[in-house]
Amino acid sequence: MAEAPARGRSTLTDRSSVGGEISELLEVVNREPACAEAPPALLDSAITPNDRFFVRNHFPVPTIDLQKWKLEVGGAVARPFELTYEELTGRPPRTLRALLECAGNSRRAMYPPAEGVPWKHGALGAAEWQGVPLSALLSEAGVLDSAQEVVLTGADRGTEPGVPGEIAFEMSLPLAKAQEPDTLVALRMNGEPLSAIHGAPARAIVPGWYGMASVKWLTRVTVSNEPFGGFFRTQSYVMIPEGPDTGTPVLPVTTLRVKSMITWPGEGVTLAPGSYAVRGAAWSGESAIARVELTASSSKTNGAVERWLLARLLDEPSTHNWSRWECPIDLSEEGHFVLRVRATDQAGNTQPAHAPWNYRGMSTNSIHAVRVTVRR
Ligand SMILES: Nc1nc2c(c(=O)[nH]1)N[C@H]1C(S)=C(S)[C@@H](COP(=O)(O)O)O[C@H]1N2
Ligand SMILES: [Mo]
């Protein structure tokens, strides 16, 4: 039976435990810690509703008492301070739309199979985030001239292979990225307070970077004078090439690579002969999408010559969000076809047929291809 909503501050305490479950609309890749992705057909909207938004947790969702929760800002700053949830919600808010893509999205398309969660193409979503710019908190604290990086610490903890004891989920940003106006301490997602599974009560949102930087259940912001050596930064979210260890440091995973996906038709569907509009989304990290092209193998080209058709962008190209696209295509002949989509951003980056293999299958942006059968 529904109870009358509690009044006043006690509702805040309840908030951080609301929505700790995986939405039934998602495909579960791992139950605990929760990893779940969206079927591509459900990603066919400008903003991904919260119950269609993928989940990627490394550890169990932490239990947080909102009355005791604080965000600490410290390290190489002149005036360290902490804020309660109420204080944080009282700050001037900023609202923006940004896409979040897991660095391991599309890992299953990598061959030979790479190490890590076997994501298909649904570990991404676009949301409207509201929160306080991280830059505002950093200026209030007074970042010292010696500062290099900002370390974001989550409340979730657990063990990782090869690491002694329990560790927190932590990631670092170069100071300049942390100070960008769109880098947020987000409190709301698509108009609602953050749910537990998406990082309540506060999470970082780092538009333009892969999802790992958008640290959930944020409790601490530490300005650092040296490069952060934490597990997730130096061992996990890194590009490990094939071949002998060279002793040179591996590259960290940071900015989103240009990429696109087909949201309709779905993989392996059978269609009656006819004309169709193929639909999907395209995005890039630090640049807006310039164009999206589609090709279908057909008897005319016999797969030998690719003819790329220019898709129409449905959303205003934006640096930190995806643009949906649509492309009419003639599928009047019977047969088996492969639809391929390729995006190019305004900086001139385009998608490769096969992204370079790396041990952890990070930042895979190979051309998305979908098989369809046309039958009367
Ligand atoms: N504290 C914490 N923050 C985290 C993670 C985590 O496991 N713990 N996962 C990261 C990764 S790898 C991704 S892709 C995004 C996923 O955000 P979402 O679950 O809200 O979609 O959160 C990031 N922030
Ligand atoms: Mo991720």
# chains A, B, ... in the order shown; residues from 1 in each chain; ligands from 1

$ residues_near_ligand --ligand "ligand 2" --cutoff "12 Å" --atoms "only C-alpha atoms and all ligand atoms" --output "NGL selection string"
:A and (34-37 or 54-58 or 100-107 or 116-119 or 122-125 or 169 or 171 or 209-216 or 232 or 236-238 or 253-254 or 256 or 360-363)

$ select_by_dssp --residues "region 82-203 of chain A" --states "helix (DSSP H, G or I)" --output "list in words"
Tyr85, Glu86, Glu87, Leu88, Thr89, Arg107, Arg108, Ala109, Leu134, Ser135, Ala136, Leu137, Leu138, Ser139, Glu140, Ala141, Leu175, Ala176, Lys177, Ala178, Ala196, Ile197 and His198 of chain A

$ select_by_dssp --residues "region 136-237 of chain A" --states "strand (DSSP E or B)" --output "short mmCIF file (atom, residue, chain, number, x, y, z; two decimals) with N, CA and C atoms, in the first residue's frame"
data_model
loop_
_atom_site.label_atom_id
_atom_site.label_comp_id
_atom_site.auth_asym_id
_atom_site.auth_seq_id
_atom_site.Cartn_x
_atom_site.Cartn_y
_atom_site.Cartn_z
N VAL A 143 42.88 26.24 -6.18
CA VAL A 143 43.85 25.24 -6.65
C VAL A 143 45.26 25.85 -6.64
N GLU A 149 46.60 17.25 -11.42
CA GLU A 149 45.46 16.38 -11.67
C GLU A 149 44.41 16.54 -10.59
N VAL A 150 43.22 16.04 -10.90
CA VAL A 150 42.15 15.99 -9.90
C VAL A 150 41.70 14.54 -9.80
N VAL A 151 41.73 14.00 -8.59
CA VAL A 151 41.34 12.61 -8.36
C VAL A 151 39.92 12.59 -7.81
N LEU A 152 39.08 11.77 -8.43
CA LEU A 152 37.68 11.64 -8.02
C LEU A 152 37.52 10.29 -7.34
N THR A 153 36.98 10.27 -6.13
CA THR A 153 36.86 9.03 -5.36
C THR A 153 35.40 8.69 -5.12
N GLY A 154 35.04 7.45 -5.39
CA GLY A 154 33.69 6.96 -5.14
C GLY A 154 33.61 6.27 -3.79
N ALA A 155 32.38 6.08 -3.28
CA ALA A 155 32.19 5.43 -1.98
C ALA A 155 32.21 3.91 -2.11
N ASP A 156 32.15 3.40 -3.32
CA ASP A 156 32.11 1.94 -3.51
C ASP A 156 33.52 1.36 -3.39
N ARG A 157 33.60 0.17 -2.82
CA ARG A 157 34.89 -0.46 -2.57
C ARG A 157 34.83 -1.95 -2.87
N GLY A 158 36.02 -2.51 -3.14
CA GLY A 158 36.09 -3.95 -3.38
C GLY A 158 37.51 -4.36 -3.70
N ILE A 167 39.99 -1.61 -2.38
CA ILE A 167 40.24 -0.28 -2.94
C ILE A 167 38.90 0.36 -3.29
N ALA A 168 38.93 1.69 -3.39
CA ALA A 168 37.75 2.44 -3.83
C ALA A 168 37.82 2.59 -5.34
N PHE A 169 36.68 2.87 -5.98
CA PHE A 169 36.73 3.22 -7.39
C PHE A 169 37.18 4.67 -7.49
N GLU A 170 38.31 4.87 -8.16
CA GLU A 170 38.89 6.22 -8.28
C GLU A 170 39.43 6.43 -9.68
N MET A 171 39.33 7.66 -10.14
CA MET A 171 39.83 8.00 -11.47
C MET A 171 40.36 9.42 -11.41
N SER A 172 41.34 9.73 -12.26
CA SER A 172 41.86 11.10 -12.25
C SER A 172 41.64 11.78 -13.59
N LEU A 173 41.62 13.10 -13.52
CA LEU A 173 41.49 13.95 -14.71
C LEU A 173 42.64 14.95 -14.70
N PRO A 174 43.16 15.32 -15.87
CA PRO A 174 44.09 16.45 -15.89
C PRO A 174 43.34 17.68 -15.38
N LEU A 184 30.90 18.22 -14.50
CA LEU A 184 29.94 18.48 -13.41
C LEU A 184 30.10 17.53 -12.24
N VAL A 185 29.66 18.02 -11.08
CA VAL A 185 29.25 17.14 -9.99
C VAL A 185 27.74 17.08 -10.13
N ALA A 186 27.25 16.00 -10.73
CA ALA A 186 25.83 15.93 -11.11
C ALA A 186 24.99 15.38 -9.96
N LEU A 187 23.80 15.96 -9.81
CA LEU A 187 22.86 15.55 -8.78
C LEU A 187 21.58 14.98 -9.38
N ARG A 188 21.32 15.34 -10.62
CA ARG A 188 20.08 14.93 -11.26
C ARG A 188 20.34 14.38 -12.66
N MET A 189 19.53 13.39 -13.03
CA MET A 189 19.63 12.73 -14.34
C MET A 189 18.24 12.72 -14.96
N GLU A 192 15.36 13.83 -12.64
CA GLU A 192 15.14 13.17 -11.34
C GLU A 192 16.43 13.15 -10.54
N PRO A 193 16.32 13.14 -9.20
CA PRO A 193 17.54 12.93 -8.42
C PRO A 193 18.20 11.63 -8.88
N ARG A 203 27.45 12.40 -8.54
CA ARG A 203 28.45 11.73 -9.38
C ARG A 203 29.12 12.77 -10.26
N ALA A 204 30.31 12.42 -10.72
CA ALA A 204 30.95 13.26 -11.72
C ALA A 204 30.32 12.97 -13.07
N ILE A 205 30.24 13.98 -13.90
CA ILE A 205 29.94 13.79 -15.32
C ILE A 205 31.04 14.50 -16.09
N TRP A 209 34.65 12.30 -22.42
CA TRP A 209 35.51 11.19 -22.01
C TRP A 209 34.68 9.92 -21.85
N LEU A 218 30.20 9.91 -5.58
CA LEU A 218 31.37 10.76 -5.35
C LEU A 218 31.43 11.21 -3.88
N THR A 219 32.59 11.05 -3.26
CA THR A 219 32.73 11.51 -1.88
C THR A 219 33.92 12.45 -1.71
N ARG A 220 34.88 12.35 -2.64
CA ARG A 220 36.08 13.16 -2.45
C ARG A 220 36.64 13.64 -3.78
N VAL A 221 37.05 14.90 -3.79
CA VAL A 221 37.73 15.51 -4.93
C VAL A 221 39.09 15.94 -4.41
N THR A 222 40.16 15.30 -4.89
CA THR A 222 41.49 15.59 -4.36
C THR A 222 42.38 16.16 -5.46
N VAL A 223 42.80 17.39 -5.27
CA VAL A 223 43.73 17.99 -6.23
C VAL A 223 45.12 17.45 -5.92
N SER A 224 45.83 17.05 -6.98
CA SER A 224 47.10 16.35 -6.77
C SER A 224 48.24 17.03 -7.53
#

$ closest_residue --among "A:Ala178, A:Val18, A:Leu331, A:Ile64" --to "Ser139 (chain A)" --atoms "only C-alpha atoms"
A:Ala178

$ closest_atom_pairs --of "region 51-158 of chain A" --to "region 332-354 of chain A" --cutoff "10 Å" --atoms "only C-alpha atoms" --output "JSON lines"
{"residue": "A:Ala109", "atom": "CA", "partner": "A:His354", "partner_atom": "CA", "distance": 9.2}
{"residue": "A:Met110", "atom": "CA", "partner": "A:His354", "partner_atom": "CA", "distance": 8.1}
{"residue": "A:Tyr111", "atom": "CA", "partner": "A:His354", "partner_atom": "CA", "distance": 9.3}

$ closest_residue --among "A:Ser366, A:Ser275, A:Gln148, A:Ser195" --to "ligand 1" --atoms "only C-alpha atoms and all ligand atoms"
A:Ser195

$ closest_residue --among "A:Asn321, A:Asn225, A:Asn50, A:Ser297" --to "ligand 1" --atoms "only C-alpha atoms and all ligand atoms"
A:Asn50

$ atom_distance --atom1 "CA of Val132 (chain A)" --atom2 "CA of Pro92 (chain A)"
6.6 Å

$ atom_distance --atom1 "CA of Arg312 (chain A)" --atom2 "CA of Arg52 (chain A)"
24.7 Å

$ closest_residue --among "A:Glu160, A:Glu82, A:Asp44, A:Glu140" --to "ligand 1" --atoms "only C-alpha atoms and all ligand atoms"
A:Glu160

$ closest_residue --among "A:Leu43, A:Ala127, A:Ile240, A:Leu251" --to "ligand 1" --atoms "only C-alpha atoms and all ligand atoms"
A:Ala127

$ closest_residue --among "A:Gly266, A:Gly191, A:Pro207, A:Pro164" --to "ligand 1" --atoms "only C-alpha atoms and all ligand atoms"
A:Pro207

$ atom_distance --atom1 "CA of Pro60 (chain A)" --atom2 "CA of Gln235 (chain A)"
20.4 Å

$ residues_around --residues "Glu24 (chain A)" --least-positions-apart "3" --cutoff "9 Å" --atoms "only C-alpha atoms" --output "PDB file with N, CA, C and O atoms, in the first residue's frame"
ATOM      1  N   GLU A  21      18.150  -1.197  -8.291  1.00  0.00           N
ATOM      2  CA  GLU A  21      17.922  -2.406  -9.094  1.00  0.00           C
ATOM      3  C   GLU A  21      18.251  -2.159 -10.561  1.00  0.00           C
ATOM      4  O   GLU A  21      18.133  -1.042 -11.045  1.00  0.00           O
ATOM      5  N   GLU A  27      19.580  -5.621 -20.785  1.00  0.00           N
ATOM      6  CA  GLU A  27      20.129  -6.984 -20.816  1.00  0.00           C
ATOM      7  C   GLU A  27      21.233  -7.074 -19.773  1.00  0.00           C
ATOM      8  O   GLU A  27      22.208  -6.317 -19.841  1.00  0.00           O
ATOM      9  N   VAL A  28      21.094  -7.997 -18.852  1.00  0.00           N
ATOM     10  CA  VAL A  28      22.081  -8.144 -17.796  1.00  0.00           C
ATOM     11  C   VAL A  28      23.319  -8.856 -18.348  1.00  0.00           C
ATOM     12  O   VAL A  28      23.209  -9.935 -18.921  1.00  0.00           O
ATOM     13  N   ASP A  51      15.400   4.303 -17.317  1.00  0.00           N
ATOM     14  CA  ASP A  51      15.260   2.842 -17.257  1.00  0.00           C
ATOM     15  C   ASP A  51      15.824   2.137 -18.495  1.00  0.00           C
ATOM     16  O   ASP A  51      15.772   0.920 -18.596  1.00  0.00           O
ATOM     17  N   ARG A  52      16.354   2.924 -19.452  1.00  0.00           N
ATOM     18  CA  ARG A  52      17.031   2.325 -20.606  1.00  0.00           C
ATOM     19  C   ARG A  52      18.519   2.640 -20.589  1.00  0.00           C
ATOM     20  O   ARG A  52      19.230   2.344 -21.548  1.00  0.00           O
TER      21      ARG A  52
END

$ residues_around --residues "Cys327 (chain A)" --least-positions-apart "2" --cutoff "7 Å" --atoms "only C-alpha atoms" --output "list in words"
Ala277, Val278, Arg279, Ala311, Arg312, Trp325 and Ile329 of chain A
